[in-house]
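> Mind looking over this structure? Questions follow.
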Amino acid sequence: MSTELKQKTTKKEGFLSHPAVKEFTFSAKRFLKNPLSIIGLTIILIFALIAIFAPVLAPPEDPYDPFKIPHDGWKTAPSPPSPEHPLGTMEQQYDILYGIIWGTRSAFKIGFFIVMANLFIGIILGSLAGYFGGWFDEIIMRITDMFYALPFLVMAMALVVAIGRGLQSIIIVMIILGWPTYTRMIRGEIMALRDKDFILAAKAGGAKSLRIIIQHILPNSIYSVLIVASMNIGTTVLTAAALSFLGLGSESGYADWGQMVSMCRDWIVGPPDNRLAYWYVVFTPGFVIAMFVLGWNLLGDAARDVFDPKMRRK
Amino acid sequence: MISIEKTIDADVSINIFLKTEKNHVNLLNYIIRRLLLMILVLFGVSLIVFSIMMIIPPGQRVAIYVKSEKVTPAQMEALIEKYGMNDPAPIQYARWIGNIFQGDFGYSETAKGPVIEGFKQYFPITLELVLLSTPLIILVGVWLGTLGAVHKDKPVDHFTRVFAVIGYSLPTFWLGLMLLMLFYGLLGIFPPGQISNVGKDVISSPEWNRVTGLICLDGIINGRWDIVWDGFYHLILPAFNLVILSCALILRLMRSSMLESLGQDYIRTALAKGADRGTINRIHARRNALIPVITISGLMFAGLMAGMVITETIFNRKGIGLWMARAALQLDVPAIMFNVLFLGTIFAVVNLIVDILYAYVDPRIRLT
Amino acid sequence: MEQLVKTEKVVTNFYTYEGVVKALNGVSVEVRKGETYGLVGESGCGKSVTVRSIMRIVQSPGRIEDGKILLFFSDTDRNQAVDILKRSEAFMQTIRGNEISMIFQEASTSLNPVLSIEYQIGESFRLHRMPEILRETIDELQANLDKKKIPFVSGWKKFQISLFNRQKETLENYERLIDSIEFQLAELEDDGTSKNRRLKDELNRKRDMLRKDDRLVMFFRRFPFLRRYYRRINPVIHRKVVNLLKELGVPNPENIARSYPHELSGGMQQRIVIAIALACHPRILIADEPTSNLDVTIQAQILDMIRVLKETTISSVLFITHDLGVVAEICDRVTVMYAGDTCETAEVKELFQKPLHPYTKALLRSVPKVRQEEALATIPGVVPNLVNPPTGCRFHPRCESAMDICKREKPPLFTYAPGHTVSCHLYTSKEAKS
Ligand SMILES: Nc1ncnc2c1ncn2[C@@H]1O[C@H](COP(=O)(O)OP(=O)(O)OP(=O)(O)O)[C@@H](O)[C@H]1O
Ligand code: SF4
Ligand SMILES: [Mg+2]
């Protein structure tokens, strides 16, 4: 395929007729025809808009600390939705709507930051290991093996406690513990490509190995890796929320969804006359997390179906 | 039919690695080799855990042993000294490993006793949940995934896909809380915990014969069917919570690998033979489709462990998960290190089983 | 010679995301009893789709839209045809692998990697020769039982015999009923009155209700431990498989039967595929480029094997290839296909000596001859995209002799001489004659 491809591109038939571009536009069209991917895209877009316009939607009391949820008195029991607090308040009267709006920013921050950092480490280590093989590969792979054998959540909890609770620590810890997965994945992709014809052709043409990695291998393997990474934004946010939920997040009142779910644990059962009295505290923040994750998963699923050549023909 | 041997030069094309060697000898060899390798991995795991624990300053590590509110720095120093936390790291590591070989895993403050005792107490509770949910996860996941693939683009398929994507998007902790709110809060059924108060009295009474620690199994052994039911009753919601998530993952994988398998040439051969759809799905496609599912199930197990921590925390089941969560939160270092090693062992064993199963299902794989 | 399989104007489309691929545009072929019939054409012209249509195993986005596929399998009435497009899937399952078999292009992927060779060959027997297998199993058990009598074991054995008997009876019943229902349906076929339609629906329903298996037997066959009794049929099948392999001249049949596909060489894999196809002595063997991925010596061996088999066991072979040399070597008659159309059909000699269709001519010119003097000709232009095929004659964009009418109308089938048909306007339209 490669030689044909080269000939075509060198002929400069114009950007749009390049097979890769055609392929992409074709896939993109199919992607946009799939109802599930549309739903996913819509969900993510809505969240993105909320995150961008957070200061407009919910003006912070203290512009220098917008992630602090304002609270209306210190009454312990949550209050139900009212015109003042459209989604109700949590214990100590923290406004749920405010928390959710600014929590969106936290979620994007967590997701992008962790995934990008992991991807970065993964690409560097994975491509080096996958390309050079030998002892370097061996060492990196054995280390990732060991990380796989570690119970992620427990290690993460201990580490966060060690370096001090808070969202920042959660992010740092998830990067420390998360890179092996990505390294492995990228190495696998590169291993699969390494002996393909066009890489061999490039080698025979005298290309230096670093050039080969950057020019030939990465662009070809990055596709599927990016798709997996995009799907992982959802699960990453989920894991971070789980850590917050377990009591490792920031101090109460910080706009973070996991933290908000954690605060609702005492309000599962209402007073005897109305057992579901506090449903809004339990339901809302978790539901928002679920929607956020669902959006990314739908996107990722659809992307995989459309862009993965193996699934294409069906 | 007459023979047409003449057309085939005796042996041009035979290239069989005859499988006449006794397979079980190979298998035993293989297992022994893998177990040796496992010790190596566990050694690595212990190093990583230990190094991570070393990041924590001694002051924090010792804090769990501090009983009173007011401690002077000097007393603190004395405690650190007492537990040897100021020694060079290699010495501390050697001490820890040395103790392990003598069967001493240290004292766990969260278990209020030696780590081993805590383990004996907590492990059966977790095991019970695992034993109930794992078969469910596999069976339901494989079954629904097959169903979706076989009826691709039919309502069943859409239903299972939606179920899957929702299943693995739901936060475990939130699902657990909602389940508790609805069933326990609203309807007053399926309470949290591992057994009712009445049941607790029974199993802590001297007449109770604790054999396995599994409540249901011990109930059967003791002939107390009310306790069996009691234990099972408390298992339902947590098991459900665990199954939803993991089962969705298996379902998705099974569906896509089944689809891939159904598109292969050998399915065409089977069709041309005159096989019916049922035979094709069951024998020709599913066996091939199970291969990736098997290979991934080792990793799934790791996910199950995380789910266990959260599920046990929410449903207040006093098992390994809850213990680990508490140990991590309070920096109960001996308990953390023990549990990580334990889970590492389990993980390695599960992977060994997965690999053997893999070789069993796929004849192209030879255990080497 | 009598006809055996005949297709009339078969249209098959694939509904893909790119659009509707009109793969077959009214294909008519006819395989006669006792001949080797060739189907040639460029890659992608629809040869495989044609034979898949004949077996009704067109893969998923594809559908047979129109036409007739007639089988003349009746032993009593030579002209009695069965149009399989009107038949049920259950009926097709009794035909496939039994009366019509197929071998494929790529032997290595045609075999299931996780099932043993013995299982895969034996499955043909299980599917079509089950009553026979059961009978032999019963005989063996009975002989066993007569030899020595141990009180408890004998009872269990007797029970096993009764289970096998039950299964055999149900199966024979099933086959008989399917046959009779299909026959009745065929009788009702052409007549579209409402009464007939009701009768037909009823028969169809009845057929769908039929069970291949007895419930009790099913239970025993599924129940853990108890199902071990069913292993009794394995030695019988094993014997049949080994015999078949021996007959096909496969060296070392016992070992081959026990092995898995990846342990065999490509040539051996192709032989196994042939064994699977021939297990039940089909009337016609469809060979879809069986040698295209093998090296030359193995290719010759496989071809020889098919030729010998043709003489000894199977009456007809439908042979697909794009190698005209192979056609000349083993075929009696041949059809040339182009982009889903049948261009020309003739006896091999006639076709090589007197090609009529411009595409056939071009094709023959592109084959190297022993004494090649001028440069090899290639056919200008490219194979058309079948989503938007050329109108009229699909060959017209590349045809040297194309006329106006060719763009507008599809050329009709013209019988040039007995046994030599061609579809090209050159021989039929006024435009050409003038
Ligand atoms: N699964 C499918 N989906 C879409 N189109 C298909 C499919 N299978 C076949 N086709 C189309 O049908 C046409 C005929 O294909 P077919 O496989 O019959 O060609 P062939 O003559 O057997 O070629 P070859 O010599 O390469 O085997 C092709 O143009 C192809 O595009
Ligand atoms: S019909 Fe016309 S275009 Fe087609 S082959 Fe004949 S002459 Fe050529
Ligand atoms: Mg073909």
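Chain labels follow the order of the structure tokens: the first chain is A, the next B, and so on; residue numbering restarts at 1 in every chain, and ligands are counted from 1 in their shown order.
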With only C-alpha atoms and all ligand atoms counted, collect every polymer residue having an atom within 10 Å of ligand 1; state the result as an MDAnalysis selection string.
(chainID A and resid 313:314) or (chainID B and resid 263) or (chainID C and resid 12:24 39:53 58:62 104:105 288:289 292 320:323 337:340 383:387)
> Which residues are near ligand 2 - at most 9 Å, using only C-alpha atoms and all ligand atoms? Format: as a ChimeraX atom specification.
/C:343,357-359,392-407,409-412,423-427,432
> Leaving out Leu119 in chain A and any residue of its chain fewer than 5 positions from it, which residues lie within 8 Å of it when counting only C-alpha atoms, given as JSON, numbers by chain?
{"A": [179, 182, 183, 229]}
> Can you work out the spacing between CA of Ala107 in chain A and CA of Gly295 in chain A in Å, to one decimal?
12.8 Å
> Mind listing as a PyMOL selection string which residues of chain A are within 9 Å of chain B, counting only C-alpha atoms?
chain A and resi 142-143+145-163+234-235+238-239+241-242+245-248+261+265+267-270+274-276+279+282-283+285-287+289-298+301+310-311+314
> Suppose you want the space between CA of Ser246 in chain B and CA of Val130 in chain B; what is it in Å?
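Separation between CA of Ser246 in chain B and CA of Val130 in chain B: 12.1 Å.
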> Mind pulling up the distance from CA of Val327 in chain C to CA of Val367 in chain C?
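Computing it gives 12.2 Å between the two atoms.
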